[in-house]
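Please read the structure below before turning to the comments.
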Amino acid sequence: MALQEKDLKNANQEVQPETEQTIDFRSGNEMAARAAAQINYHVMGYFPITPSTEIAEYLDEMKVEGEHDILLIPADGEHGSAGICYGAATGGGRVFNATSANGFLYMLEQLPVQSGTRFPMVLNLVTRSISGPLDIRGDHSDLYYGLNIGWPILMAKDPQAVYDMNIMALRVAEHKDVRLPVVVASDGFFTSHQKRRVQYFSSRETVQKFVGETPEGYVTSLDPKNPVTIGPYMNDPDYINNKYQQSIAMYNAEQVFKDVAEEYAAISGRKYEILDLYQMEDAEVAVFLLNSASDTAKDVADKLRKQGIKAGVIAPNMIRPFPKQAIQEALKNVKVVLVGERADSYGGHGANLTHEIKAALQEIKADTLVLSRIYGLGGKDFYADDAEAFFQLCIDAKDGKAVALFNYYGHTPGKAEVAPKRVLKPLSKEQTSGFVTVTQEENGELKVKIPPLRVLTGKEKRIAPGHGACPGCGIFPGIETFLKGIEGDVVVLFQTGCAMVVTTGYPYSSHKVTYIHNLFQNGAATLSGVVEMFFERKRRGEIEIGEDITFVMITGDGGMDIGMGPAIGAALRNHKMIILEYDNEGYMNTGAQLSYSTPLGHMTATSNVGTKQGGKPFHHKDTAQIMAATNIPYVFTGTEAFPQDLIKKAAKAQWYAKNDGMAYGKILISCPLNWKAADEAGNTIVANAVNTCFFPLYEVERGVTTITHDPEEKGKRVPVGEWLKLMGKTKHLLRPEYAESLKAFEDEVERRWRRLKAKHESPYL
Amino acid sequence: MVTQTKLTKTNDLGLFEIRLESIGGLGANLAGKMLAEAGVINLGLNGSNFSSYGSEKKGSPVKAFIRFADPETNMRAASPIEEPHVVGVFHEALFKTQNCISGLQADGILLVNTTKTPDEIRELSGLKTGTIVCVDALEIAVQEKTRVNTAMLGALCRVVDFLDPEAVKAMIRETFEKKYPALVESNLRTFDRGYTELNITTYEAQPGDEAQPFVRPLPMLGYETQPMGGLILNPGNSILKDLSSSRQGFLPSFNRDACIHCAACDQVCPDYCFVWSPEEDKKGRTHQFLQGIDYQYCKGCLKCVQACPTDALSTLRETEGYTDENGVKHRFNIA
């Protein structure tokens, strides 16, 4: 490749013979990152989502040590990451991405565009359940949405295969007979997070040589001498011909994979057939399973063979194109095969692969009976006795016993005596009212009266204890201090994030009031729908006129990155609701990746600190100012460290949300785990953030900015370093080698503070 | 260093299995990783390692799993370890909330971070036979300013015959050197103290003694009892949970005599542990008075101690029975 290969370090420093391999102990995600680093892709556009996020994290870690120089672009969401990757792919270089679950679905509409316009890349799909309800563990429900996107799909059943498939995938994608983007699918957690003994090429040159230079001779968007139109407006009768080409290319991928796998076996000693067949030569009963579960079944097949049962296992290494002929060949003499699927095609009497296998067998008029079971949804573990149960179903069917052709496996009825019963009485209005008053003066100004905190301990909390947040989590004092200013009935909506995860782990909920969760990016739109339904049903007389609910959306953990569009949309429509953002300066629920609100130089899992990089490379997002620019009636900032200030602002927000339209507030909250700070230090840290003027307390009320706590005026302003030294994620910034970064950050803090002061001084700014 | 080690004891699949029971933050995940890595890289075994948790949280129960096999044995199982040869319990309080010894082999090893004796742990855990190893890993970690994980590894190497302590120490060194070079020596000392400062008793298994029964936990609700759509119709039921095992040895202690009832503690508490009720003051006026702390929910973050403007709240090393004697329960509005 044209990159500065000589500048990059080998993972193993010694000079090795060309195909020498290093034995290591690594997870699937680590091996995906290792392969990508050795290939040295040009660009990776990515967005954090469990369990695939680690791939970007490992790549960032390796990058700061100079092991590759892939440009890692943190997108604003998966739709954005797929867009970045598509754009980059049109530019003629090599492109990589990784995602899971709803992230895959969020990018879904982009994926057929890329295959239809024929730009190769490699996407790692680390498989996980699709919401809702939200489940972070591994099944194949995301993968099954990928069956129709026109991307070849390679299956990687263990960490070794993740590495090998990633290297082969690029060759398949870029092959002249294919020219399609390729998915490498591995099992979330079972493979992505499980460390195994693995081998990888000791020298990155071996990988470089195998994948070769980026093939020349294809159009790119970056050649002004050869202008092209990418993505025309194409209706019938042309579209079908584009698809026919694509269909042929997809089928070509099977032979190309076989050839590439042959070549790969020669240098690695690891051979990947289209189907991984285990004890299938004379098998009478067989199970067909994707990825990690198939290995478990092999142990069981060994056991059954010892008992004289001719048991075998089939696991495909490729499911797109569907290896029809190989499957016909493997199953034609099998009496009963059970197709176990970790995803359902609801209402289809069996999920997709069941029917594809049935269709393949029907073509050759085989007598093989196909049983179908949906198992392991939501990451439910697959044990040896589960595999044994699958074989037993096959044996029963072979022996002529009645066995359902299609069913779920592993679902449990539950016991009536433990059916859920209400534990707490619903909160009454009285328990949460009568503490705070807001009155409008004749000049229109709002006057807020709040009692001392001691009195407010008598106001019932809307969140119950027993949630699972980390010790010292700042989210809950932050939200509770805010809610102390809110009177009466409340309906809350939480976007995906820590606050959501730790308060609603099924079958428990810490929310005493009605709570809704919707996906990471879509809370503002969803809550605006709830609000409008409330007023519409009131208008139609279906809800009592006296009924009064305050609607509050809670977001954080980067929810205002991916959810910025819907939040701005809801703000521009000016719905009567409050958006409260808890800003913990990163995607903390997925393990502390950078979000746009992470400040410059701060260390996260995707902005590591090392010789080639010193934390996050760009400045933090000023969400409060963005929301103020939508001209909603009320915008504020606050923290738990200034409780009276925050409670007053909450009361005002409620007044505006009832009388005028949307209010938005951002509270800075501490995350001891990922800020690498003491559990007990949260209050001090956020107080210092305010007093450095990094996080000024202010409000923008009907367009007029007022600073509500001016540390300069009060003689309380402290240097930025006083705040940064309290957190492990920022301590490095105080070392001499980061002086430049620190200066840039201080300058930005100062610039934004001065601008805010100017706004404070002029009602027109 | 690579040596070729042979396993002396394995299950039907040729695996030797270790399960670590912990809470997030004590380093069980890292301990499992270093142990497995030492086995594969330094001892030439085949192996695998993973943890049970998904979301990144401190204080919640986690399990780490380590499998070893001879190098030529296939490593195929990806599911959690159900019938381990060794269980390591990083936090004694877990015996209250988890079935820690589930499936432990009759001649298995139970290693516990505790101040108790093996006899006391046998009583607490209900383990019939096997070897119980007690190490006060917390005290060692506090003294060495490290975490309990390396002390637990030291103890583990003492009682698992094929684990060469030097191989594990080499991996500890390698692991810490990369990111936290300042912590290498203290962690090696912690390891050595775990290796030496322990208390072992074997309760011989007689022929015919069976492994601890393994219980695969079923979900509380099933398809006949789960409300449609995944709804939770009894919200606020998290009050039924006991989070005391999230504490890592310290808690706030409350001295009412020094309290001015300012509610600064209540306002900063992430876990809503402070219990208030109205009382009359000396002048006969009704005010909110702080009654105490409901330790069932307290995770020991100690933010309240920092926030307290008087001496009413202070940090205490938790001792057995303290919370029962000194805690005050919330009076919830039960339906």
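Following the order of the structure tokens, chains are lettered A, B, ..., residues in each are numbered from 1, and ligands are numbered from 1.
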Range 19-94 of chain A near range 214-224 of chain A within 7 Å: what's each residue's closest atom pair and its distance in Å to one decimal, counting only C-alpha atoms, ordered by chain then ascending residue number, as CSV?
residue,atom,partner,partner_atom,distance
A:Thr90,CA,A:Thr220,CA,5.3
A:Gly91,CA,A:Ser221,CA,5.0
A:Gly92,CA,A:Thr220,CA,5.1
A:Gly93,CA,A:Thr214,CA,6.9
Pull C-alpha atoms from the residues just selected and write them as a JSON list (two decimals), in the first residue's frame.
[["chain", "number", "residue", "atom", "x", "y", "z"],
["A", 90, "THR", "CA", -16.14, 5.69, -3.20],
["A", 91, "GLY", "CA", -12.83, 7.47, -2.66],
["A", 92, "GLY", "CA", -10.93, 4.35, -3.69],
["A", 93, "GLY", "CA", -9.21, 3.36, -0.43]]
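Residues in contact range of Gln288 in chain B, defined as at most 8 Å between only C-alpha atoms, with sequence neighbours fewer than 5 positions away removed, read Arg454, Val455, Thr457 and Gly458 of chain A; His261, Trp276, Ser277, Pro278 and Glu279 of chain B.
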Practice prompt. Write out as a ChimeraX atom specification each polymer residue whose atoms come within 9 Å of Tyr251 in chain A, counting only C-alpha atoms; drop sequence neighbours fewer than 5 positions from it.
Written response: /A:152,178,246,320-322
Written file, previous selection with C-alpha atoms, as a compact mmCIF listing (two decimals), in the first residue's frame:
# COMPACT_ATOMS: atom_id res chain seq x y z
CA PRO A 152 -21.58 -11.62 1.02
CA VAL A 178 -17.35 -9.70 -6.88
CA GLN A 246 -25.33 -7.64 -8.49
CA ARG A 320 -24.43 -15.30 1.59
CA PRO A 321 -24.31 -16.47 -1.05
CA PHE A 322 -26.20 -19.41 0.38
Item to complete: For each of B:Met220, B:Ala69, B:Ala151, B:Cys134, take the minimum atom-to-atom distance to Leu198 in chain B, counting only C-alpha atoms, then give the residue where this is smallest.
Response: B:Cys134
Fill in: Top pick for closest residue to Arg462 in chain A, considering A:Phe25, A:Phe482, A:Trp723, A:Tyr239 and counting only C-alpha atoms
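Going through A:Phe25, A:Phe482, A:Trp723, A:Tyr239 one by one, the smallest distance to Arg462 in chain A is for A:Phe482.
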Practice prompt. Within 7 Å of chain B, which residues of chain A are there when counting only C-alpha atoms? Please give them as a PyMOL selection string.
Written response: chain A and resi 24-25+133+190+193-197+292+295-296+381-383+412-416+419-425+453-455+457-458+464-474+476-477+481+507-512+589-591+679-681
Practice prompt. Write out as a PyMOL selection string the residues lying within 8 Å of Gly497 in chain A, counting only C-alpha atoms and excluding same-chain residues fewer than 3 positions away.
Written response: chain A and resi 494+500-501+520+555-557+559+587-589
Discussion item. Can you pull out every residue from range 46-245 of chain B that DSSP, working from the backbone, puts in strand (DSSP E), and format the result as a PyMOL selection string?
Written reply: chain B and resi 46-51+61-69+86-89+109-113+130-135+198-203
For those residues, write C-alpha atoms to a file as a compact mmCIF listing (two decimals), in the first residue's frame.
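What landed in result.txt:
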# COMPACT_ATOMS: atom_id res chain seq x y z
CA ASN B 46 -4.90 -24.55 25.84
CA GLY B 47 -7.36 -22.22 27.53
CA SER B 48 -10.25 -19.81 27.37
CA ASN B 49 -11.44 -16.94 29.51
CA PHE B 50 -14.49 -14.72 29.64
CA SER B 51 -16.74 -12.90 32.07
CA PRO B 61 -22.09 -9.32 40.69
CA VAL B 62 -19.85 -10.71 37.95
CA LYS B 63 -18.40 -14.10 37.24
CA ALA B 64 -15.13 -14.78 35.47
CA PHE B 65 -14.51 -18.15 33.85
CA ILE B 66 -11.20 -19.83 33.09
CA ARG B 67 -10.85 -23.12 31.27
CA PHE B 68 -7.61 -25.02 30.83
CA ALA B 69 -6.92 -28.07 28.72
CA VAL B 86 -12.22 -24.32 41.71
CA VAL B 87 -14.42 -21.45 42.86
CA GLY B 88 -12.80 -18.18 43.93
CA VAL B 89 -15.06 -15.84 45.91
CA ILE B 109 -11.36 -26.00 46.01
CA LEU B 110 -13.24 -23.04 47.46
CA LEU B 111 -11.06 -19.96 47.83
CA VAL B 112 -12.55 -17.02 49.70
CA ASN B 113 -11.43 -13.47 50.44
CA GLY B 130 -13.43 -30.27 49.41
CA THR B 131 -10.70 -27.82 50.31
CA ILE B 132 -11.51 -24.41 51.74
CA VAL B 133 -8.87 -21.74 51.45
CA CYS B 134 -9.26 -18.45 53.32
CA VAL B 135 -7.17 -15.39 52.67
CA LEU B 198 -3.65 -18.29 53.90
CA ASN B 199 -5.54 -20.80 55.92
CA ILE B 200 -6.31 -24.16 54.31
CA THR B 201 -8.52 -26.99 55.52
CA THR B 202 -9.49 -30.04 53.52
CA TYR B 203 -12.74 -31.81 54.26
Worksheet entry | Nearby residues (only C-alpha atoms) at most 10 Å from Phe390 in chain A, same-chain spacing under 6 positions excluded, as JSON, numbers by chain | {"A": [285, 286, 287, 288, 297, 337, 338, 339, 340, 371, 372, 373, 384, 396, 409]}
Output C-alpha atoms of each residue in that selection to a file, as a short mmCIF file (atom, residue, chain, number, x, y, z; two decimals), in the first residue's frame.
data_model
loop_
_atom_site.label_atom_id
_atom_site.label_comp_id
_atom_site.auth_asym_id
_atom_site.auth_seq_id
_atom_site.Cartn_x
_atom_site.Cartn_y
_atom_site.Cartn_z
CA VAL A 285 -28.80 -37.25 12.41
CA ALA A 286 -27.29 -33.80 12.23
CA VAL A 287 -27.63 -30.34 13.65
CA PHE A 288 -27.09 -27.22 11.59
CA ALA A 297 -22.51 -29.47 19.36
CA VAL A 337 -31.38 -32.53 10.41
CA LEU A 338 -32.31 -29.96 13.02
CA VAL A 339 -31.70 -26.36 12.00
CA GLY A 340 -31.19 -24.33 15.16
CA LEU A 371 -36.67 -29.85 12.01
CA SER A 372 -36.45 -26.20 13.00
CA ARG A 373 -35.86 -24.70 16.42
CA ALA A 384 -23.86 -29.24 25.78
CA ASP A 396 -36.91 -39.30 18.05
CA TYR A 409 -36.50 -24.23 22.43
#
Worksheet entry | Test item: residues at most 8 Å from Gly558 in chain A, only C-alpha atoms, excluding those fewer than 6 positions along its chain, as JSON, numbers by chain | {"A": [583, 585, 586, 587, 595, 596, 597]}
Practice prompt. Could you please determine the separation between CA of Gln325 in chain A and CA of Thr368 in chain A in Å, to one decimal place?
Written response: 14.9 Å
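Residues in contact with Cys259 in chain B at 9 Å, where only C-alpha atoms are counted and same-chain residues fewer than 2 positions away are skipped, are listed as Phe254, Asn255, Arg256, Asp257, His261, Cys262, Leu290, Cys308, Pro309, Thr310, Asp311, Ala312 and Leu313 of chain B.
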Worksheet entry | Coordinates-based distance that separates CA of Tyr163 in chain A from CA of Gly610 in chain A (Å, one decimal) |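 Calculated distance between CA of Gly610 in chain A and CA of Tyr163 in chain A is 25.3 Å.
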Fill in: alpha helix (DSSP H) call set, DSSP backbone run, range 80-248 of chain A, as a VMD selection string
chain A and resid 80 to 90 101 to 106 110 to 116 141 to 145 159 to 174 204 to 211 239 to 248
